[in-house]
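The structure file final.pdb is reproduced below (PDB, C-alpha atoms).
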```
ATOM      1  CA  MET V   1       0.000   0.000   0.000
ATOM      2  CA  ASP V   2       3.002   2.305   0.366
ATOM      3  CA  GLY V   3       3.160   2.812  -3.389
ATOM      4  CA  LEU V   4      -0.199   4.602  -3.392
ATOM      5  CA  LYS V   5       1.519   7.821  -2.328
ATOM      6  CA  TYR V   6       3.287   7.985  -5.688
ATOM      7  CA  ILE V   7      -0.073   7.713  -7.464
ATOM      8  CA  GLY V   8      -1.392  10.464  -5.194
ATOM      9  CA  ALA V   9       1.578  12.692  -6.075
ATOM     10  CA  ALA V  10       1.014  12.043  -9.789
ATOM     11  CA  ILE V  11      -2.654  13.006  -9.483
ATOM     12  CA  ALA V  12      -1.721  16.180  -7.594
ATOM     13  CA  VAL V  13       0.703  17.237 -10.319
ATOM     14  CA  LEU V  14      -2.119  17.007 -12.890
ATOM     15  CA  THR V  15      -3.057  20.579 -11.843
ATOM     16  CA  GLY V  16      -0.404  21.622 -14.345
ATOM     17  CA  LEU V  17      -2.987  20.895 -17.041
ATOM     18  CA  GLY V  18      -5.268  23.774 -16.075
ATOM     19  CA  SER V  19      -2.368  26.086 -15.383
ATOM     20  CA  GLY V  20      -0.883  25.378 -18.813
ATOM     21  CA  ILE V  21      -4.164  26.046 -20.613
ATOM     22  CA  GLY V  22      -4.548  29.293 -18.682
ATOM     23  CA  GLU V  23      -1.045  30.463 -19.514
ATOM     24  CA  GLY V  24      -1.604  29.697 -23.171
ATOM     25  CA  MET V  25      -4.766  31.777 -23.192
ATOM     26  CA  ILE V  26      -3.017  34.678 -21.444
ATOM     27  CA  CYS V  27      -0.180  34.674 -23.984
ATOM     28  CA  ALA V  28      -2.588  34.369 -26.919
ATOM     29  CA  LYS V  29      -4.659  37.332 -25.779
ATOM     30  CA  ALA V  30      -1.561  39.406 -24.990
ATOM     31  CA  LEU V  31      -0.070  38.718 -28.427
ATOM     32  CA  ASP V  32      -3.416  39.629 -29.950
ATOM     33  CA  GLY V  33      -3.358  42.946 -28.141
ATOM     34  CA  MET V  34       0.276  43.583 -29.037
ATOM     35  CA  SER V  35      -0.323  43.004 -32.733
ATOM     36  CA  ARG V  36      -3.396  45.257 -32.719
ATOM     37  CA  ASN V  37      -1.685  48.042 -30.816
ATOM     38  CA  PRO V  38       2.128  47.879 -31.017
ATOM     39  CA  ASP V  39       2.510  51.069 -28.946
ATOM     40  CA  MET V  40       1.330  49.174 -25.864
ATOM     41  CA  TYR V  41       3.997  46.500 -26.331
ATOM     42  CA  SER V  42       6.116  47.141 -23.212
ATOM     43  CA  LYS V  43       3.130  47.652 -20.897
ATOM     44  CA  LEU V  44       1.388  44.514 -22.151
ATOM     45  CA  ARG V  45       4.523  42.413 -21.834
ATOM     46  CA  ILE V  46       4.995  43.271 -18.155
ATOM     47  CA  ASN V  47       1.342  42.598 -17.383
ATOM     48  CA  MET V  48       1.501  39.344 -19.344
ATOM     49  CA  ILE V  49       4.462  38.067 -17.320
ATOM     50  CA  LEU V  50       2.691  39.072 -14.106
ATOM     51  CA  ALA V  51      -0.497  37.296 -15.109
ATOM     52  CA  CYS V  52       1.502  34.210 -16.079
ATOM     53  CA  ALA V  53       3.148  34.175 -12.653
ATOM     54  CA  LEU V  54      -0.251  34.494 -10.967
ATOM     55  CA  ASP V  55      -1.626  31.731 -13.145
ATOM     56  CA  GLU V  56       1.329  29.492 -12.326
ATOM     57  CA  THR V  57       0.195  29.500  -8.692
ATOM     58  CA  THR V  58      -2.340  26.701  -9.112
ATOM     59  CA  GLY V  59       0.312  24.538 -10.710
ATOM     60  CA  ILE V  60       2.684  25.321  -7.854
ATOM     61  CA  TYR V  61       0.029  24.336  -5.307
ATOM     62  CA  GLY V  62      -0.203  20.977  -7.034
ATOM     63  CA  LEU V  63       3.573  20.624  -6.990
ATOM     64  CA  VAL V  64       3.773  21.413  -3.269
ATOM     65  CA  ILE V  65       1.024  18.887  -2.509
ATOM     66  CA  GLY V  66       2.840  16.319  -4.656
ATOM     67  CA  ILE V  67       6.155  16.841  -2.863
ATOM     68  CA  LEU V  68       4.378  16.685   0.503
ATOM     69  CA  CYS V  69       2.778  13.397  -0.584
ATOM     70  CA  LEU V  70       6.217  11.954  -1.296
ATOM     71  CA  VAL V  71       7.989  13.318   1.785
ATOM     72  CA  LEU V  72       5.411  12.932   4.571
TER      73      LEU V  72
ATOM     74  CA  MET O  73       7.716  11.655  15.652
ATOM     75  CA  ASP O  74      10.506  12.262  18.111
ATOM     76  CA  PHE O  75       9.768  15.301  20.244
ATOM     77  CA  SER O  76      12.803  15.040  22.497
ATOM     78  CA  ASN O  77      14.520  17.957  20.731
ATOM     79  CA  PHE O  78      11.657  20.283  21.683
ATOM     80  CA  PHE O  79      12.456  19.923  25.378
ATOM     81  CA  ASP O  80      16.203  20.318  24.970
ATOM     82  CA  CYS O  81      16.781  23.737  26.471
ATOM     83  CA  SER O  82      20.587  23.842  26.384
ATOM     84  CA  TRP O  83      22.427  26.215  24.024
ATOM     85  CA  GLU O  84      23.997  23.300  22.186
ATOM     86  CA  GLY O  85      20.641  21.738  21.368
ATOM     87  CA  PHE O  86      19.288  25.119  20.285
ATOM     88  CA  ILE O  87      22.166  25.781  17.895
ATOM     89  CA  ASN O  88      22.120  22.251  16.472
ATOM     90  CA  GLY O  89      18.421  22.664  15.701
ATOM     91  CA  ILE O  90      19.031  25.615  13.342
ATOM     92  CA  THR O  91      19.250  24.443   9.737
ATOM     93  CA  GLY O  92      21.517  25.801   7.025
ATOM     94  CA  GLU O  93      18.687  27.821   5.455
ATOM     95  CA  ILE O  94      18.085  29.715   8.690
ATOM     96  CA  TRP O  95      21.826  30.457   9.032
ATOM     97  CA  MET O  96      21.754  31.879   5.504
ATOM     98  CA  SER O  97      18.718  33.922   6.471
ATOM     99  CA  PHE O  98      20.657  35.421   9.402
ATOM    100  CA  PHE O  99      23.589  36.082   7.062
ATOM    101  CA  ILE O 100      21.390  37.902   4.536
ATOM    102  CA  MET O 101      19.725  39.991   7.243
ATOM    103  CA  GLY O 102      23.133  40.942   8.615
ATOM    104  CA  LEU O 103      24.359  41.830   5.133
ATOM    105  CA  ILE O 104      21.354  44.071   4.455
ATOM    106  CA  VAL O 105      21.706  45.821   7.827
ATOM    107  CA  LEU O 106      25.421  46.351   7.190
ATOM    108  CA  ILE O 107      24.775  47.842   3.741
ATOM    109  CA  ALA O 108      22.037  50.068   5.179
ATOM    110  CA  VAL O 109      24.322  51.356   7.956
ATOM    111  CA  ILE O 110      27.174  52.032   5.503
ATOM    112  CA  ILE O 111      24.864  53.947   3.175
ATOM    113  CA  ARG O 112      23.424  55.919   6.105
ATOM    114  CA  LEU O 113      26.977  56.881   7.113
ATOM    115  CA  MET O 114      27.615  58.049   3.555
ATOM    116  CA  TYR O 115      24.672  60.440   3.856
ATOM    117  CA  ILE O 116      25.934  62.274   6.979
ATOM    118  CA  LYS O 117      28.057  64.706   5.026
ATOM    119  CA  ASP O 118      25.809  65.078   2.053
ATOM    120  CA  ASP O 119      25.089  68.091  -0.097
ATOM    121  CA  PRO O 120      21.484  67.678  -1.313
ATOM    122  CA  LEU O 121      22.155  69.753  -4.415
ATOM    123  CA  ALA O 122      25.279  67.878  -5.512
ATOM    124  CA  GLU O 123      25.251  65.698  -8.596
ATOM    125  CA  ARG O 124      24.358  62.068  -7.859
ATOM    126  CA  LYS O 125      26.532  59.231  -9.040
ATOM    127  CA  GLY O 126      27.471  55.655  -8.165
ATOM    128  CA  ILE O 127      25.531  53.859  -5.469
ATOM    129  CA  LYS O 128      23.628  56.959  -4.353
ATOM    130  CA  LEU O 129      22.174  57.443  -7.832
ATOM    131  CA  LEU O 130      21.206  53.778  -8.052
ATOM    132  CA  LEU O 131      19.582  53.741  -4.633
ATOM    133  CA  GLU O 132      17.677  56.993  -5.021
ATOM    134  CA  THR O 133      16.374  55.959  -8.432
ATOM    135  CA  ALA O 134      15.228  52.604  -7.022
ATOM    136  CA  ILE O 135      13.449  54.176  -4.049
ATOM    137  CA  GLU O 136      11.783  56.814  -6.220
ATOM    138  CA  LYS O 137      10.579  54.179  -8.700
ATOM    139  CA  LEU O 138       9.218  52.013  -5.888
ATOM    140  CA  GLU O 139       7.462  54.955  -4.244
ATOM    141  CA  ASN O 140       5.816  55.962  -7.529
ATOM    142  CA  PHE O 141       4.740  52.346  -8.015
ATOM    143  CA  ILE O 142       3.212  52.164  -4.519
ATOM    144  CA  VAL O 143       1.401  55.489  -4.965
ATOM    145  CA  GLU O 144       0.063  54.232  -8.294
ATOM    146  CA  ILE O 145      -1.297  50.994  -6.797
ATOM    147  CA  MET O 146      -2.166  51.840  -3.185
ATOM    148  CA  GLY O 147      -2.854  55.563  -3.261
ATOM    149  CA  LYS O 148      -1.040  58.596  -1.960
ATOM    150  CA  LYS O 149      -1.640  58.063   1.764
ATOM    151  CA  TYR O 150       0.110  54.689   1.806
ATOM    152  CA  SER O 151       3.454  55.978   0.517
ATOM    153  CA  PHE O 152       4.953  55.334   3.981
ATOM    154  CA  TYR O 153       4.920  51.596   3.173
ATOM    155  CA  THR O 154       7.911  52.145   0.851
ATOM    156  CA  GLY O 155      10.358  51.114   3.579
ATOM    157  CA  TYR O 156       8.543  47.861   4.325
ATOM    158  CA  PHE O 157       8.316  46.854   0.691
ATOM    159  CA  PHE O 158      11.901  47.887  -0.025
ATOM    160  CA  GLY O 159      13.121  45.655   2.796
ATOM    161  CA  LEU O 160      10.920  42.788   1.647
ATOM    162  CA  ILE O 161      12.071  43.014  -1.976
ATOM    163  CA  MET O 162      15.750  43.362  -0.986
ATOM    164  CA  TYR O 163      15.539  40.279   1.244
ATOM    165  CA  MET O 164      13.865  38.128  -1.398
ATOM    166  CA  MET O 165      16.262  39.247  -4.137
ATOM    167  CA  PHE O 166      19.294  38.502  -1.972
ATOM    168  CA  SER O 167      17.908  35.057  -1.103
ATOM    169  CA  PHE O 168      17.390  34.119  -4.727
ATOM    170  CA  ILE O 169      20.813  35.492  -5.730
ATOM    171  CA  ILE O 170      22.502  33.512  -2.964
ATOM    172  CA  GLY O 171      20.803  30.370  -4.290
ATOM    173  CA  VAL O 172      22.915  30.732  -7.464
ATOM    174  CA  SER O 173      26.168  30.371  -5.527
ATOM    175  CA  GLY O 174      25.244  26.907  -4.271
ATOM    176  CA  LEU O 175      24.577  28.007  -0.700
ATOM    177  CA  PRO O 176      21.061  27.099   0.506
ATOM    178  CA  ASN O 177      18.304  29.520  -0.457
ATOM    179  CA  PRO O 178      16.463  30.530   2.768
ATOM    180  CA  LEU O 179      13.091  30.508   0.996
ATOM    181  CA  VAL O 180      13.338  26.713   0.597
ATOM    182  CA  SER O 181      12.608  26.430   4.319
ATOM    183  CA  LEU O 182       8.843  26.857   4.871
ATOM    184  CA  VAL O 183       9.351  29.021   7.975
ATOM    185  CA  VAL O 184      10.840  31.953   6.043
ATOM    186  CA  PRO O 185       8.050  32.562   3.453
ATOM    187  CA  LEU O 186       5.494  31.873   6.187
ATOM    188  CA  SER O 187       6.916  34.587   8.421
ATOM    189  CA  MET O 188       7.053  37.090   5.552
ATOM    190  CA  ALA O 189       3.447  36.323   4.609
ATOM    191  CA  THR O 190       2.477  36.675   8.279
ATOM    192  CA  CYS O 191       3.860  40.226   8.266
ATOM    193  CA  THR O 192       1.615  41.094   5.323
ATOM    194  CA  PHE O 193      -1.332  39.270   6.901
ATOM    195  CA  VAL O 194      -1.017  41.274  10.119
ATOM    196  CA  LEU O 195      -0.723  44.499   8.118
ATOM    197  CA  ILE O 196      -3.885  43.636   6.136
ATOM    198  CA  HIS O 197      -5.975  43.148   9.270
ATOM    199  CA  PHE O 198      -4.365  46.088  11.058
ATOM    200  CA  THR O 199      -5.284  48.356   8.146
ATOM    201  CA  ALA O 200      -8.823  46.933   8.050
ATOM    202  CA  ILE O 201      -9.399  47.502  11.780
ATOM    203  CA  LYS O 202      -7.922  50.982  11.582
ATOM    204  CA  ALA O 203     -10.124  51.926   8.627
ATOM    205  CA  ASN O 204     -13.397  50.290   9.672
ATOM    206  CA  LYS O 205     -13.258  50.339  13.502
ATOM    207  CA  PHE O 206     -16.024  48.044  14.814
ATOM    208  CA  ARG O 207     -17.555  47.481  11.395
ATOM    209  CA  TYR O 208     -14.544  45.222  10.774
ATOM    210  CA  PHE O 209     -16.167  42.376  12.715
ATOM    211  CA  LYS O 210     -19.329  42.611  10.621
ATOM    212  CA  ARG O 211     -17.602  40.962   7.686
ATOM    213  CA  TYR O 212     -17.499  37.597   9.428
ATOM    214  CA  PHE O 213     -21.315  37.487   9.553
ATOM    215  CA  GLU O 214     -21.675  38.922   6.056
ATOM    216  CA  PRO O 215     -24.720  37.502   4.264
ATOM    217  CA  MET O 216     -26.110  35.700   7.312
ATOM    218  CA  PHE O 217     -25.005  34.597  10.749
ATOM    219  CA  VAL O 218     -24.755  30.980   9.530
ATOM    220  CA  PHE O 219     -21.785  31.778   7.283
ATOM    221  CA  PHE O 220     -19.481  32.495  10.224
ATOM    222  CA  PRO O 221     -17.360  29.278   9.944
ATOM    223  CA  ILE O 222     -16.885  29.728   6.193
ATOM    224  CA  ASN O 223     -15.844  33.360   6.619
ATOM    225  CA  LEU O 224     -13.478  32.374   9.397
ATOM    226  CA  LEU O 225     -11.831  29.850   7.055
ATOM    227  CA  SER O 226     -11.590  32.210   4.093
ATOM    228  CA  MET O 227      -9.828  34.742   6.338
ATOM    229  CA  TRP O 228      -6.659  32.623   6.099
ATOM    230  CA  SER O 229      -6.555  32.403   2.304
ATOM    231  CA  PRO O 230      -4.140  35.362   1.722
ATOM    232  CA  LEU O 231      -1.676  33.856   4.193
ATOM    233  CA  LEU O 232      -1.803  30.405   2.603
ATOM    234  CA  SER O 233      -1.671  31.709  -0.951
ATOM    235  CA  LEU O 234       1.278  34.076  -0.371
ATOM    236  CA  THR O 235       3.262  31.450   1.535
ATOM    237  CA  LEU O 236       2.752  28.558  -0.829
ATOM    238  CA  ARG O 237       3.374  30.633  -3.956
ATOM    239  CA  LEU O 238       6.822  31.740  -2.848
ATOM    240  CA  PHE O 239       7.738  28.467  -1.120
ATOM    241  CA  GLY O 240       6.583  26.318  -4.036
ATOM    242  CA  ASN O 241       8.540  28.356  -6.550
ATOM    243  CA  ALA O 242      11.751  28.280  -4.535
ATOM    244  CA  LEU O 243      11.320  24.570  -3.763
ATOM    245  CA  ALA O 244      10.594  23.700  -7.408
ATOM    246  CA  GLY O 245      13.785  25.405  -8.552
ATOM    247  CA  TYR O 246      15.832  23.787  -5.781
ATOM    248  CA  THR O 247      14.474  20.277  -6.453
ATOM    249  CA  PHE O 248      14.959  20.575 -10.186
ATOM    250  CA  MET O 249      18.513  21.875  -9.812
ATOM    251  CA  THR O 250      19.381  19.037  -7.418
ATOM    252  CA  ILE O 251      18.113  16.474  -9.927
ATOM    253  CA  VAL O 252      20.118  18.111 -12.728
ATOM    254  CA  TYR O 253      23.279  18.160 -10.606
ATOM    255  CA  TYR O 254      22.893  14.434  -9.845
ATOM    256  CA  PHE O 255      22.290  13.710 -13.528
ATOM    257  CA  THR O 256      25.287  15.704 -14.773
ATOM    258  CA  ARG O 257      27.523  14.114 -12.157
ATOM    259  CA  ALA O 258      26.522  10.642 -13.266
ATOM    260  CA  LEU O 259      26.939  11.618 -16.941
ATOM    261  CA  SER O 260      30.381  13.107 -16.346
ATOM    262  CA  SER O 261      31.649  10.115 -14.386
ATOM    263  CA  MET O 262      30.393   7.911 -17.217
ATOM    264  CA  MET O 263      32.358   9.956 -19.776
ATOM    265  CA  PHE O 264      35.546  10.843 -17.870
ATOM    266  CA  GLY O 265      35.629   8.253 -15.100
ATOM    267  CA  GLY O 266      35.128   8.719 -11.355
ATOM    268  CA  GLY O 267      36.980  11.023  -8.970
ATOM    269  CA  VAL O 268      37.848  14.380 -10.548
ATOM    270  CA  GLY O 269      36.020  13.384 -13.732
ATOM    271  CA  GLN O 270      32.666  14.013 -12.078
ATOM    272  CA  ILE O 271      32.839  17.813 -12.315
ATOM    273  CA  PHE O 272      33.241  18.474 -16.045
ATOM    274  CA  VAL O 273      29.725  18.422 -17.528
ATOM    275  CA  SER O 274      27.682  20.415 -15.011
ATOM    276  CA  PRO O 275      29.305  23.856 -15.618
ATOM    277  CA  LEU O 276      28.212  23.618 -19.266
ATOM    278  CA  ILE O 277      24.513  23.040 -18.537
ATOM    279  CA  THR O 278      23.544  24.360 -15.120
ATOM    280  CA  PRO O 279      24.258  28.141 -15.416
ATOM    281  CA  PHE O 280      21.403  28.635 -17.880
ATOM    282  CA  LEU O 281      19.011  26.696 -15.679
ATOM    283  CA  HIS O 282      20.124  28.754 -12.669
ATOM    284  CA  LEU O 283      19.469  31.868 -14.728
ATOM    285  CA  TYR O 284      15.866  30.806 -15.300
ATOM    286  CA  PHE O 285      14.935  29.051 -12.049
ATOM    287  CA  ASP O 286      16.728  31.339  -9.611
ATOM    288  CA  LEU O 287      17.020  34.754 -11.207
ATOM    289  CA  PHE O 288      14.106  35.134 -13.666
ATOM    290  CA  SER O 289      11.524  33.106 -11.759
ATOM    291  CA  GLY O 290      12.702  34.546  -8.456
ATOM    292  CA  MET O 291      12.424  38.150  -9.583
ATOM    293  CA  ILE O 292       8.933  37.545 -11.006
ATOM    294  CA  GLN O 293       7.769  35.906  -7.776
ATOM    295  CA  THR O 294       9.266  38.781  -5.753
ATOM    296  CA  LEU O 295       7.305  41.248  -7.874
ATOM    297  CA  VAL O 296       4.107  39.209  -7.534
ATOM    298  CA  PHE O 297       4.513  38.930  -3.753
ATOM    299  CA  ALA O 298       4.986  42.685  -3.421
ATOM    300  CA  ILE O 299       2.100  43.587  -5.757
ATOM    301  CA  LEU O 300      -0.355  41.185  -4.117
ATOM    302  CA  SER O 301       0.596  42.512  -0.679
ATOM    303  CA  MET O 302       0.028  46.069  -1.885
ATOM    304  CA  ILE O 303      -3.368  45.247  -3.396
ATOM    305  CA  TRP O 304      -4.581  43.300  -0.363
ATOM    306  CA  ILE O 305      -3.471  46.000   2.060
ATOM    307  CA  SER O 306      -4.955  48.882   0.099
ATOM    308  CA  GLN O 307      -8.317  47.285  -0.694
ATOM    309  CA  GLU O 308      -9.234  47.109   3.006
ATOM    310  CA  ASP O 309      -9.875  50.835   3.056
ATOM    311  CA  PRO O 310     -13.413  51.580   1.784
ATOM    312  CA  GLU O 311     -12.986  55.372   1.695
ATOM    313  CA  ASP O 312     -10.415  55.087  -1.019
ATOM    314  CA  GLU O 313     -12.781  53.142  -3.238
ATOM    315  CA  GLU O 314     -15.539  55.729  -2.822
ATOM    316  CA  GLU O 315     -13.110  58.445  -3.829
ATOM    317  CA  MET O 316     -12.082  56.453  -6.868
ATOM    318  CA  ILE O 317     -15.732  55.972  -7.894
ATOM    319  CA  LYS O 318     -16.338  59.698  -7.483
ATOM    320  CA  LEU O 319     -13.269  60.512  -9.560
ATOM    321  CA  SER O 320     -14.253  58.131 -12.338
ATOM    322  CA  LYS O 321     -17.776  59.610 -12.415
ATOM    323  CA  GLN O 322     -16.349  63.118 -12.669
ATOM    324  CA  GLU O 323     -14.152  62.057 -15.525
ATOM    325  CA  THR O 324     -17.049  60.567 -17.453
ATOM    326  CA  ILE O 325     -19.139  63.717 -16.953
TER     327      ILE O 325
END
```
How would this structure read if it were set down as structure tokens?
Amino acid sequence: MDGLKYIGAAIAVLTGLGSGIGEGMICAKALDGMSRNPDMYSKLRINMILACALDETTGIYGLVIGILCLVL
Amino acid sequence: MDFSNFFDCSWEGFINGITGEIWMSFFIMGLIVLIAVIIRLMYIKDDPLAERKGIKLLLETAIEKLENFIVEIMGKKYSFYTGYFFGLIMYMMFSFIIGVSGLPNPLVSLVVPLSMATCTFVLIHFTAIKANKFRYFKRYFEPMFVFFPINLLSMWSPLLSLTLRLFGNALAGYTFMTIVYYFTRALSSMMFGGGVGQIFVSPLITPFLHLYFDLFSGMIQTLVFAILSMIWISQEDPEDEEEMIKLSKQETI
């Protein structure tokens, strides 16, 4: 039964799925905005990186839970 | 679990209980205090009208940029938070930079991000109580009295979210770098033999990964931590929002 914790960790890391889709949508929309309005390029890029970092959070939660599953 | 260490009150047991990350945390704090004292001493004989150059120019530009940023996000009356956020950002940047050298990054230990998030958490509730007085306690019974347990739980979400974001990012970088170091060591000893032959491959691969996982990712997470703290602290004050609504209405008229 000890091996079940590895399966639990693998399931926890699946949160990366949603986080990846979200990051893709953020980048797509930001590129859309940049190509429509190239003057806003620098402002949009900073906000895009910020939004990506915020979006990454859910994936990081999954990672932390996965590591806790393995360690504890 | 073995709890015998908790009741060991001697100095030896206390010092043995401190991990390497916490020693690095003390080192970084000492370094920042030392730099601050040296810079303060430089400003004793200072002509305010003289031309700025070197470290003074760098520092004054950084503080001015940060203050403008805080005024932009939090409003004019919160500009006194510049010192707190400058200290926070300096500490996090130093921790991530020290992770590049191979010394342990303090943020990998859960205690350090937790204590930083606790500072912000206390500031959030302090600001809320100061702004709302007794109306502050009304929020726990918001729609109905029955929702009290749920509101009590959701009170802790900023703390948990700030802590785990920073801790998870630092831990992810640390774990990944450890795996890569093991891999490159095994690869190198396969190619050049054991002993000294273990060290040849990793300098070719790891610097770029350090650049991403420690510097780029670390700076972004520092920025996110600071911005989220600013937003959470400033949104507790309802008067500010009313002013903003008034201003926006005036602009539209």
Quick one: residues within 12 Å of Ile7 (chain V), all atoms listed in the file, excluding same-chain residues fewer than 5 positions away - as a compact mmCIF listing (two decimals) with C-alpha atoms, in the frame of the given file?
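The resulting around-v5.txt:
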```
# COMPACT_ATOMS: atom_id res chain seq x y z
CA MET V 1 0.00 0.00 0.00
CA ASP V 2 3.00 2.31 0.37
CA ALA V 12 -1.72 16.18 -7.59
CA VAL V 13 0.70 17.24 -10.32
CA LEU V 14 -2.12 17.01 -12.89
CA GLY V 66 2.84 16.32 -4.66
CA ILE V 67 6.16 16.84 -2.86
CA CYS V 69 2.78 13.40 -0.58
CA LEU V 70 6.22 11.95 -1.30
```
Which chain V residues have any atom within 8 Å of an atom of chain O, and for each, what is the nearest pair of atoms with distance in Å to one decimal, counting all atoms listed in the file, rows sorted by chain and number, as CSV?
```
residue,atom,partner,partner_atom,distance
V:Ile49,CA,O:Ile292,CA,7.8
V:Leu50,CA,O:Val296,CA,6.7
V:Ala53,CA,O:Ile292,CA,6.9
V:Leu54,CA,O:Val296,CA,7.3
V:Thr57,CA,O:Arg237,CA,5.8
V:Ile60,CA,O:Gly240,CA,5.5
V:Tyr61,CA,O:Leu236,CA,6.7
V:Leu63,CA,O:Gly240,CA,7.1
V:Val64,CA,O:Gly240,CA,5.7
```
Q) Between O:Met164, O:Val252, O:Leu103, O:Ala108, which has the minimum distance to Leu276 (chain O) (counting all atoms listed in the file)? A)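 Smallest distance to Leu276 (chain O) is found for O:Val252.
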Kindly provide, as lines of an AutoDock Vina configuration file, the centre and edge lengths (Å, one decimal) of an axis-aligned box around all atoms of region 6-20 of chain V given in the file, with 8 Å on each side.
```
center_x = -1.0
center_y = 16.9
center_z = -12.0
size_x = 24.6
size_y = 34.4
size_z = 29.6
```
Q: Would you mind reading off the distance between CA of Ile161 (chain O) and CA of Ala189 (chain O), one decimal, in Å?
A: 12.7 Å
**Q.** Point-to-point distance from CA of Leu259 (chain O) to CA of Leu287 (chain O), Å rounded to tenths
**A.** 25.8 Å
Kindly resolve the PyMOL selection byres ((chain V and resi 27) around 12) on the present coordinates and return the residues as a short mmCIF file (atom, residue, chain, number, x, y, z; two decimals) with C-alpha atoms, in the coordinates of the input.
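The result, stored in out.cif:
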```cif
data_model
loop_
_atom_site.label_atom_id
_atom_site.label_comp_id
_atom_site.auth_asym_id
_atom_site.auth_seq_id
_atom_site.Cartn_x
_atom_site.Cartn_y
_atom_site.Cartn_z
CA GLY V 20 -0.88 25.38 -18.81
CA ILE V 21 -4.16 26.05 -20.61
CA GLY V 22 -4.55 29.29 -18.68
CA GLU V 23 -1.04 30.46 -19.51
CA GLY V 24 -1.60 29.70 -23.17
CA MET V 25 -4.77 31.78 -23.19
CA ILE V 26 -3.02 34.68 -21.44
CA ALA V 28 -2.59 34.37 -26.92
CA LYS V 29 -4.66 37.33 -25.78
CA ALA V 30 -1.56 39.41 -24.99
CA LEU V 31 -0.07 38.72 -28.43
CA ASP V 32 -3.42 39.63 -29.95
CA GLY V 33 -3.36 42.95 -28.14
CA MET V 34 0.28 43.58 -29.04
CA LEU V 44 1.39 44.51 -22.15
CA ARG V 45 4.52 42.41 -21.83
CA ILE V 46 5.00 43.27 -18.16
CA ASN V 47 1.34 42.60 -17.38
CA MET V 48 1.50 39.34 -19.34
CA ILE V 49 4.46 38.07 -17.32
CA LEU V 50 2.69 39.07 -14.11
CA ALA V 51 -0.50 37.30 -15.11
CA CYS V 52 1.50 34.21 -16.08
CA ALA V 53 3.15 34.17 -12.65
CA ASP V 55 -1.63 31.73 -13.14
#
```
List as a PDB file with C-alpha atoms, in the coordinates of the input the protein and nucleic acid residues near region 142-153 of chain O, meaning an atom at most 7 Å away when all atoms listed in the file are counted, but skip any in the same chain fewer than 5 places from it.
```pdb
ATOM      1  CA  MET O 302       0.028  46.069  -1.885  1.00  0.00           C
ATOM      2  CA  ILE O 303      -3.368  45.247  -3.396  1.00  0.00           C
ATOM      3  CA  SER O 306      -4.955  48.882   0.099  1.00  0.00           C
TER       4      SER O 306
END
```
Q: Can you work out the spacing between CA of Lys125 (chain O) and CA of Phe288 (chain O) in Å, to one decimal?
A: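 Spanning CA of Lys125 (chain O) to CA of Phe288 (chain O) is a straight-line distance of 27.5 Å.
For the structure in this document, the set picked by the PyMOL selection byres ((chain O and resi 201-211) around 8) is His197, Phe198, Thr199, Ala200, Tyr212, Phe213, Glu214, Asn223, Glu308, Asp309 and Pro310 of chain O.
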Q. So which one's closest to Met291 (chain O), O:Thr154, O:Thr91, O:Ser167, O:Thr133? Using all atoms listed in the file, please.
A. O:Ser167
Q: List the neighbours of Ser173 (chain O) out to 12 Å using only C-alpha atoms; skip same-chain residues closer than 3 positions along the sequence, and give me the result as a ChimeraX atom specification.
A: /O:96,166-170,176-177,278-279,282-283,286-287
Q.
Residues proximal to (9.7, 45.3, -2.1) were defined as those with any atom within 8 Å of that point in the file's coordinates, counting all atoms listed in the file. Which are they, as a ChimeraX atom specification?
A. /O:138,154,156-162,294-295,298
Prev. selection, C-alpha atoms, output as a tab-separated table (two decimals), in the frame of the given file:
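Dumped to selection-v9.tsv:
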```tsv
chain	number	residue	atom	x	y	z
O	138	LEU	CA	9.22	52.01	-5.89
O	154	THR	CA	7.91	52.14	0.85
O	156	TYR	CA	8.54	47.86	4.32
O	157	PHE	CA	8.32	46.85	0.69
O	158	PHE	CA	11.90	47.89	-0.02
O	159	GLY	CA	13.12	45.66	2.80
O	160	LEU	CA	10.92	42.79	1.65
O	161	ILE	CA	12.07	43.01	-1.98
O	162	MET	CA	15.75	43.36	-0.99
O	294	THR	CA	9.27	38.78	-5.75
O	295	LEU	CA	7.30	41.25	-7.87
O	298	ALA	CA	4.99	42.68	-3.42
```
